[in-house]
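Colleague: The structure that follows is given in the form of structure tokens.
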Amino acid sequence: MRIMWLLARRDLGQAWRSAGLWLPVAFLLLVASLYPFAVGPDAPLLRRTGGGMLWIAALLASLLPVDRLVTPDRDSGVLDQIALRGIGEEMIVLARLIAHWLGFGPPLMIATLPAAALLKLDAETIILLEAGLLIGTPALAALGLLVATLTAGLRSSGALAGLLALPLAVPLLIFGAGTLSDGSGAAFKFLGAASLLLVAVTPFAGGAAIRAGRE
Amino acid sequence: MRNAALRLSDVACMRGGRMLFRHVTLDLQAGGSALLTGPNGVGKSSLLRICAGLLPAFAGRVDMRGGIALTDERLALDSERPLLKALGFWARLDGVDDGTLERALDAMALLPLAEVPVRMLSTGQRKRAMMARVIASDAAIWLLDEPGNGLDDASLDLLGAAISCHLAMGGITLAASHQPLPIADHARIDLRAYAAEAEDA
């Protein structure tokens, strides 16, 4: 537990120092401010489509930090040095997932508030959006991290990461955006299930990818 | 550290479909040291990584008692942070206190650089910083890949002193190096003798 805390704290510190935490937030706000320019300042239209637009923006924002999640530490030997100390790769990835979500999920949820104002969303939609993001951002963080471990060390890994992640993110987008219009709560349950699955799989799949990448 | 041991029996290494070496056998007990030599590409670094458990041995067994510390060509320190803070992360991961880390920095004459960001360090200073991490780690088995590269004469003496001190305390050192290292009476292993092609010819 102490080791997990040490690893996660360093990862969060590294993200802070590399200013990588601002990138998804700035991206989301930028999309939200550009969207009314593209579809026109028609408030009912913005209100109807804005929530889904923000889900797309959140999904794409989760791809932005992918190239700094694993590759730098792999290249500089940090991952090897951690493994030398008898710490499993699963633990490394799990600590990184926690740190990555902390640096990605809450800032994105906060940025959603001004973004929702730009898109003239009503209070009910904003609450649904924030609840959906609370459940969905761990999955987006896990997916980004998983793809980062899989593509670490490959050339043009950024483009490849997008190609790998987007098909896997389709369920998150369907259920996430579905929570906005669905009154029964089924979309929330499916979103939660998809999120749990991704969060549970990522440490093991990511750990295996890091080990395989050593060859 | 007293009962540290590193034993390789009949180890072979295959990289990229090519057999680099085979039948490497080595037995180091507490206080023992060995120097790996041989031309580039003969597999010195691979052998060290096999010992560290980062590469699987193609054949043979690696048995060890005691913790491992490795230096290779990669710094593994956060480049934006001051040296002391960057090394402090590893010290906390190893569970050693600040005093141990400061003694290690002192042993490599790095105390004046403790507040300098890692990215500002020169090649030799980086090499010494990696050695300081090894010294501070409290590990019994030191695996050193070209520890003398880029070091000036004074730093080489510091390196020799650190290794001698480690061996005197019952540690084990396995180093790969082109240049002679200032270590007294070490076993010398020329990996060329174990190269797969040499035997086939």
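Residue numbering restarts at 1 in every chain; chains get A, B, ... in the order shown in the structure tokens, and ligands count up from 1 in that same order.
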Do you know which residues are at most 7 Å from range 35-50 of chain B counting only C-alpha atoms, after dropping those on the same chain fewer than 4 positions away, and could you put them as a VMD selection string?
Modeller: chain B and resid 20 54 to 57 143 145 174 to 178 186 to 192
Colleague: Please provide as a VMD selection string all residues within 12 Å of Leu196 in chain A, with the sequence filter that same-chain residues fewer than 3 positions apart are discarded (counting only C-alpha atoms).
Modeller: chain A and resid 135 to 143 172 189 to 193 199 to 202
Colleague: Got a sec to tell me which of range 68-150 of chain B DSSP assigns to alpha helix (DSSP H), as a ChimeraX atom specification?
Modeller: /B:83-94,98-107,123-136
Colleague: Can you pull out every residue within 8 Å of Leu150 in chain A, counting only C-alpha atoms, but drop anything in the same chain fewer than 4 positions away, and send it as number ranges by chain?
Modeller: A: 146, 206, 209-210
Colleague: Return as a VMD selection string the residues belonging to chain A that are within 12 Å of chain B, counting only C-alpha atoms.
Modeller: chain A and resid 1 to 11 13 to 19 72 to 89 210 to 215
Colleague: Deliver the residues from the most recent selection as a file, using C-alpha atoms, as a CSV table (one decimal), in the first residue's frame.
Modeller:
```csv
chain,number,residue,atom,x,y,z
A,1,MET,CA,0.0,0.0,0.0
A,2,ARG,CA,2.9,2.3,0.9
A,3,ILE,CA,4.5,1.5,-2.4
A,4,MET,CA,1.3,2.1,-4.3
A,5,TRP,CA,1.0,5.5,-2.7
A,6,LEU,CA,4.7,6.3,-3.5
A,7,LEU,CA,4.3,5.3,-7.2
A,8,ALA,CA,1.0,7.1,-7.6
A,9,ARG,CA,2.3,10.3,-6.0
A,10,ARG,CA,5.3,10.4,-8.3
A,11,ASP,CA,3.1,9.8,-11.4
A,13,GLY,CA,3.8,14.9,-9.7
A,14,GLN,CA,5.3,14.0,-13.1
A,15,ALA,CA,2.0,14.8,-14.8
A,16,TRP,CA,1.8,18.1,-12.9
A,17,ARG,CA,5.4,19.1,-13.8
A,18,SER,CA,5.0,18.2,-17.4
A,19,ALA,CA,1.8,20.4,-17.5
A,72,PRO,CA,8.9,8.3,-21.2
A,73,ASP,CA,9.3,6.1,-18.1
A,74,ARG,CA,9.9,3.0,-20.2
A,75,ASP,CA,12.6,4.8,-22.3
A,76,SER,CA,14.4,6.3,-19.3
A,77,GLY,CA,14.5,2.9,-17.5
A,78,VAL,CA,12.2,3.9,-14.6
A,79,LEU,CA,9.9,0.9,-15.2
A,80,ASP,CA,12.8,-1.5,-15.1
A,81,GLN,CA,14.2,0.1,-11.9
A,82,ILE,CA,10.8,-0.3,-10.3
A,83,ALA,CA,10.5,-3.9,-11.4
A,84,LEU,CA,14.0,-4.6,-10.0
A,85,ARG,CA,12.7,-3.9,-6.6
A,86,GLY,CA,10.3,-6.8,-6.8
A,87,ILE,CA,7.3,-4.7,-7.6
A,88,GLY,CA,5.0,-6.3,-10.1
A,89,GLU,CA,4.1,-4.6,-13.3
A,210,ILE,CA,5.1,-3.9,-20.2
A,211,ARG,CA,6.7,-7.3,-19.6
A,212,ALA,CA,6.4,-8.3,-23.2
A,213,GLY,CA,7.9,-5.0,-24.3
A,214,ARG,CA,11.1,-5.7,-22.5
A,215,GLU,CA,12.3,-8.2,-25.1
```
Colleague: Could you work out how far CA of Asp27 in chain B lies from CA of Val96 in chain B, giving the answer in Å with one decimal?
Modeller: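 Going from CA of Val96 in chain B over to CA of Asp27 in chain B covers 28.5 Å.
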Colleague: Find the spatial neighbours of Met14 in chain B, counting only C-alpha atoms, within a cut-off of 9 Å - ignore same-chain residues fewer than 4 positions away - and output them as a list of chain:residue names.
Modeller: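 Near Met14 in chain B, the qualifying residues are B:Arg18, B:Met19, B:Leu20, B:Phe21, B:Arg22, B:Ala57, B:Phe58, B:Ala59.
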Colleague: Go ahead and write the selection's residues with N, CA and C atoms as a PDB file, in the first residue's frame.
Modeller:
```pdb
ATOM      1  N   ARG B  18      19.041 -14.962 -32.284  1.00  0.00           N
ATOM      2  CA  ARG B  18      20.471 -15.243 -32.371  1.00  0.00           C
ATOM      3  C   ARG B  18      20.962 -15.643 -30.986  1.00  0.00           C
ATOM      4  N   MET B  19      21.689 -16.750 -30.939  1.00  0.00           N
ATOM      5  CA  MET B  19      22.237 -17.171 -29.647  1.00  0.00           C
ATOM      6  C   MET B  19      23.464 -16.317 -29.341  1.00  0.00           C
ATOM      7  N   LEU B  20      23.408 -15.543 -28.268  1.00  0.00           N
ATOM      8  CA  LEU B  20      24.542 -14.656 -27.942  1.00  0.00           C
ATOM      9  C   LEU B  20      25.639 -15.420 -27.207  1.00  0.00           C
ATOM     10  N   PHE B  21      25.265 -16.118 -26.153  1.00  0.00           N
ATOM     11  CA  PHE B  21      26.247 -16.906 -25.406  1.00  0.00           C
ATOM     12  C   PHE B  21      25.532 -18.077 -24.773  1.00  0.00           C
ATOM     13  N   ARG B  22      26.300 -19.078 -24.372  1.00  0.00           N
ATOM     14  CA  ARG B  22      25.684 -20.201 -23.648  1.00  0.00           C
ATOM     15  C   ARG B  22      26.692 -20.826 -22.705  1.00  0.00           C
ATOM     16  N   ALA B  57      16.247 -16.044 -19.085  1.00  0.00           N
ATOM     17  CA  ALA B  57      17.369 -16.807 -19.636  1.00  0.00           C
ATOM     18  C   ALA B  57      16.805 -17.839 -20.606  1.00  0.00           C
ATOM     19  N   PHE B  58      17.472 -17.999 -21.763  1.00  0.00           N
ATOM     20  CA  PHE B  58      16.996 -18.969 -22.749  1.00  0.00           C
ATOM     21  C   PHE B  58      17.150 -20.379 -22.198  1.00  0.00           C
ATOM     22  N   ALA B  59      18.226 -20.600 -21.457  1.00  0.00           N
ATOM     23  CA  ALA B  59      18.428 -21.890 -20.801  1.00  0.00           C
ATOM     24  C   ALA B  59      19.239 -21.640 -19.542  1.00  0.00           C
TER      25      ALA B  59
END
```
Colleague: Any idea what's packed within 10 Å of Ser33 in chain A, counting only C-alpha atoms, ignoring anything in its chain fewer than 3 positions away? Could you give it as a list in words?
Modeller: Phe27, Leu28, Leu29, Leu30, Pro36, Phe37, Ala38, Pro114, Ala115, Ala116, Ala117, Leu118 and Leu119 of chain A
Colleague: Can you tell me which residues surround range 157-163 of chain B at a distance of at most 10 Å, considering only C-alpha atoms, apart from same-chain residues fewer than 2 positions away, and format the answer as a PyMOL selection string?
Modeller: chain B and resi 33+104+106-109+128+131-132+135+142+147-148+151-155+165-169+171-173+181-184
Colleague: What does the file look like for those residues with N, CA and C atoms, as a PDB file, in the first residue's frame?
Modeller:
```
ATOM      1  N   SER B  33      33.431 -10.609  -6.412  1.00  0.00           N
ATOM      2  CA  SER B  33      33.155  -9.706  -7.524  1.00  0.00           C
ATOM      3  C   SER B  33      33.667 -10.321  -8.815  1.00  0.00           C
ATOM      4  N   ALA B 104      25.302   8.238   0.600  1.00  0.00           N
ATOM      5  CA  ALA B 104      25.560   7.745  -0.756  1.00  0.00           C
ATOM      6  C   ALA B 104      25.945   8.900  -1.680  1.00  0.00           C
ATOM      7  N   ASP B 106      27.336  11.637  -0.753  1.00  0.00           N
ATOM      8  CA  ASP B 106      28.664  12.056  -0.335  1.00  0.00           C
ATOM      9  C   ASP B 106      29.724  11.116  -0.902  1.00  0.00           C
ATOM     10  N   ALA B 107      29.422   9.814  -0.922  1.00  0.00           N
ATOM     11  CA  ALA B 107      30.390   8.837  -1.421  1.00  0.00           C
ATOM     12  C   ALA B 107      30.710   9.078  -2.894  1.00  0.00           C
ATOM     13  N   MET B 108      29.763   9.645  -3.636  1.00  0.00           N
ATOM     14  CA  MET B 108      29.994   9.950  -5.044  1.00  0.00           C
ATOM     15  C   MET B 108      30.280  11.440  -5.249  1.00  0.00           C
ATOM     16  N   ALA B 109      30.556  12.164  -4.170  1.00  0.00           N
ATOM     17  CA  ALA B 109      30.885  13.599  -4.215  1.00  0.00           C
ATOM     18  C   ALA B 109      29.795  14.392  -4.935  1.00  0.00           C
ATOM     19  N   ARG B 128      27.511   9.149 -11.898  1.00  0.00           N
ATOM     20  CA  ARG B 128      27.702   9.121 -10.449  1.00  0.00           C
ATOM     21  C   ARG B 128      26.363   9.122  -9.727  1.00  0.00           C
ATOM     22  N   MET B 131      25.180   5.690  -9.623  1.00  0.00           N
ATOM     23  CA  MET B 131      25.923   4.923  -8.619  1.00  0.00           C
ATOM     24  C   MET B 131      25.410   5.248  -7.224  1.00  0.00           C
ATOM     25  N   ALA B 132      25.083   6.536  -7.007  1.00  0.00           N
ATOM     26  CA  ALA B 132      24.576   6.928  -5.687  1.00  0.00           C
ATOM     27  C   ALA B 132      23.276   6.190  -5.380  1.00  0.00           C
ATOM     28  N   ILE B 135      24.272   2.717  -4.361  1.00  0.00           N
ATOM     29  CA  ILE B 135      24.852   2.683  -3.014  1.00  0.00           C
ATOM     30  C   ILE B 135      23.752   2.845  -1.963  1.00  0.00           C
ATOM     31  N   TRP B 142      25.168  -5.939  -6.608  1.00  0.00           N
ATOM     32  CA  TRP B 142      25.272  -4.793  -7.513  1.00  0.00           C
ATOM     33  C   TRP B 142      25.563  -5.296  -8.913  1.00  0.00           C
ATOM     34  N   PRO B 147      30.163   0.980 -15.408  1.00  0.00           N
ATOM     35  CA  PRO B 147      30.058   2.015 -14.369  1.00  0.00           C
ATOM     36  C   PRO B 147      31.123   3.097 -14.516  1.00  0.00           C
ATOM     37  N   GLY B 148      32.212   2.797 -15.231  1.00  0.00           N
ATOM     38  CA  GLY B 148      33.296   3.769 -15.319  1.00  0.00           C
ATOM     39  C   GLY B 148      33.207   4.686 -16.517  1.00  0.00           C
ATOM     40  N   LEU B 151      33.627   8.758 -16.525  1.00  0.00           N
ATOM     41  CA  LEU B 151      34.103   9.244 -15.227  1.00  0.00           C
ATOM     42  C   LEU B 151      35.545   9.725 -15.333  1.00  0.00           C
ATOM     43  N   ASP B 152      35.857  10.824 -14.637  1.00  0.00           N
ATOM     44  CA  ASP B 152      37.249  11.271 -14.595  1.00  0.00           C
ATOM     45  C   ASP B 152      38.006  10.453 -13.543  1.00  0.00           C
ATOM     46  N   ASP B 153      39.322  10.703 -13.425  1.00  0.00           N
ATOM     47  CA  ASP B 153      40.146   9.862 -12.544  1.00  0.00           C
ATOM     48  C   ASP B 153      39.671   9.914 -11.099  1.00  0.00           C
ATOM     49  N   ALA B 154      39.335  11.127 -10.634  1.00  0.00           N
ATOM     50  CA  ALA B 154      38.899  11.265  -9.238  1.00  0.00           C
ATOM     51  C   ALA B 154      37.619  10.469  -8.997  1.00  0.00           C
ATOM     52  N   SER B 155      36.679  10.531  -9.979  1.00  0.00           N
ATOM     53  CA  SER B 155      35.412   9.818  -9.820  1.00  0.00           C
ATOM     54  C   SER B 155      35.630   8.311  -9.891  1.00  0.00           C
ATOM     55  N   CYS B 165      34.186  -0.929  -0.505  1.00  0.00           N
ATOM     56  CA  CYS B 165      33.434  -0.850   0.757  1.00  0.00           C
ATOM     57  C   CYS B 165      32.265  -1.844   0.731  1.00  0.00           C
ATOM     58  N   HIS B 166      31.582  -1.903  -0.436  1.00  0.00           N
ATOM     59  CA  HIS B 166      30.440  -2.815  -0.584  1.00  0.00           C
ATOM     60  C   HIS B 166      30.891  -4.261  -0.434  1.00  0.00           C
ATOM     61  N   LEU B 167      32.027  -4.596  -1.061  1.00  0.00           N
ATOM     62  CA  LEU B 167      32.521  -5.973  -0.986  1.00  0.00           C
ATOM     63  C   LEU B 167      32.959  -6.310   0.438  1.00  0.00           C
ATOM     64  N   ALA B 168      33.581  -5.323   1.102  1.00  0.00           N
ATOM     65  CA  ALA B 168      34.044  -5.566   2.472  1.00  0.00           C
ATOM     66  C   ALA B 168      32.869  -5.841   3.403  1.00  0.00           C
ATOM     67  N   MET B 169      31.704  -5.243   3.072  1.00  0.00           N
ATOM     68  CA  MET B 169      30.521  -5.468   3.908  1.00  0.00           C
ATOM     69  C   MET B 169      29.798  -6.757   3.546  1.00  0.00           C
ATOM     70  N   GLY B 171      28.930  -7.642   0.269  1.00  0.00           N
ATOM     71  CA  GLY B 171      28.118  -7.537  -0.937  1.00  0.00           C
ATOM     72  C   GLY B 171      28.745  -8.271  -2.106  1.00  0.00           C
ATOM     73  N   ILE B 172      28.032  -8.241  -3.214  1.00  0.00           N
ATOM     74  CA  ILE B 172      28.492  -8.906  -4.430  1.00  0.00           C
ATOM     75  C   ILE B 172      28.444  -7.885  -5.553  1.00  0.00           C
ATOM     76  N   THR B 173      29.458  -7.889  -6.411  1.00  0.00           N
ATOM     77  CA  THR B 173      29.462  -6.972  -7.549  1.00  0.00           C
ATOM     78  C   THR B 173      29.716  -7.748  -8.828  1.00  0.00           C
ATOM     79  N   LEU B 181      38.614  -1.616 -14.020  1.00  0.00           N
ATOM     80  CA  LEU B 181      37.989  -0.944 -12.879  1.00  0.00           C
ATOM     81  C   LEU B 181      38.887  -1.109 -11.666  1.00  0.00           C
ATOM     82  N   PRO B 182      38.926  -0.098 -10.823  1.00  0.00           N
ATOM     83  CA  PRO B 182      39.791  -0.172  -9.646  1.00  0.00           C
ATOM     84  C   PRO B 182      39.200  -1.067  -8.555  1.00  0.00           C
ATOM     85  N   ILE B 183      39.074  -2.345  -8.846  1.00  0.00           N
ATOM     86  CA  ILE B 183      38.614  -3.295  -7.827  1.00  0.00           C
ATOM     87  C   ILE B 183      39.722  -4.321  -7.626  1.00  0.00           C
ATOM     88  N   ALA B 184      39.998  -4.655  -6.379  1.00  0.00           N
ATOM     89  CA  ALA B 184      41.034  -5.639  -6.102  1.00  0.00           C
ATOM     90  C   ALA B 184      40.494  -7.044  -6.368  1.00  0.00           C
TER      91      ALA B 184
END
```
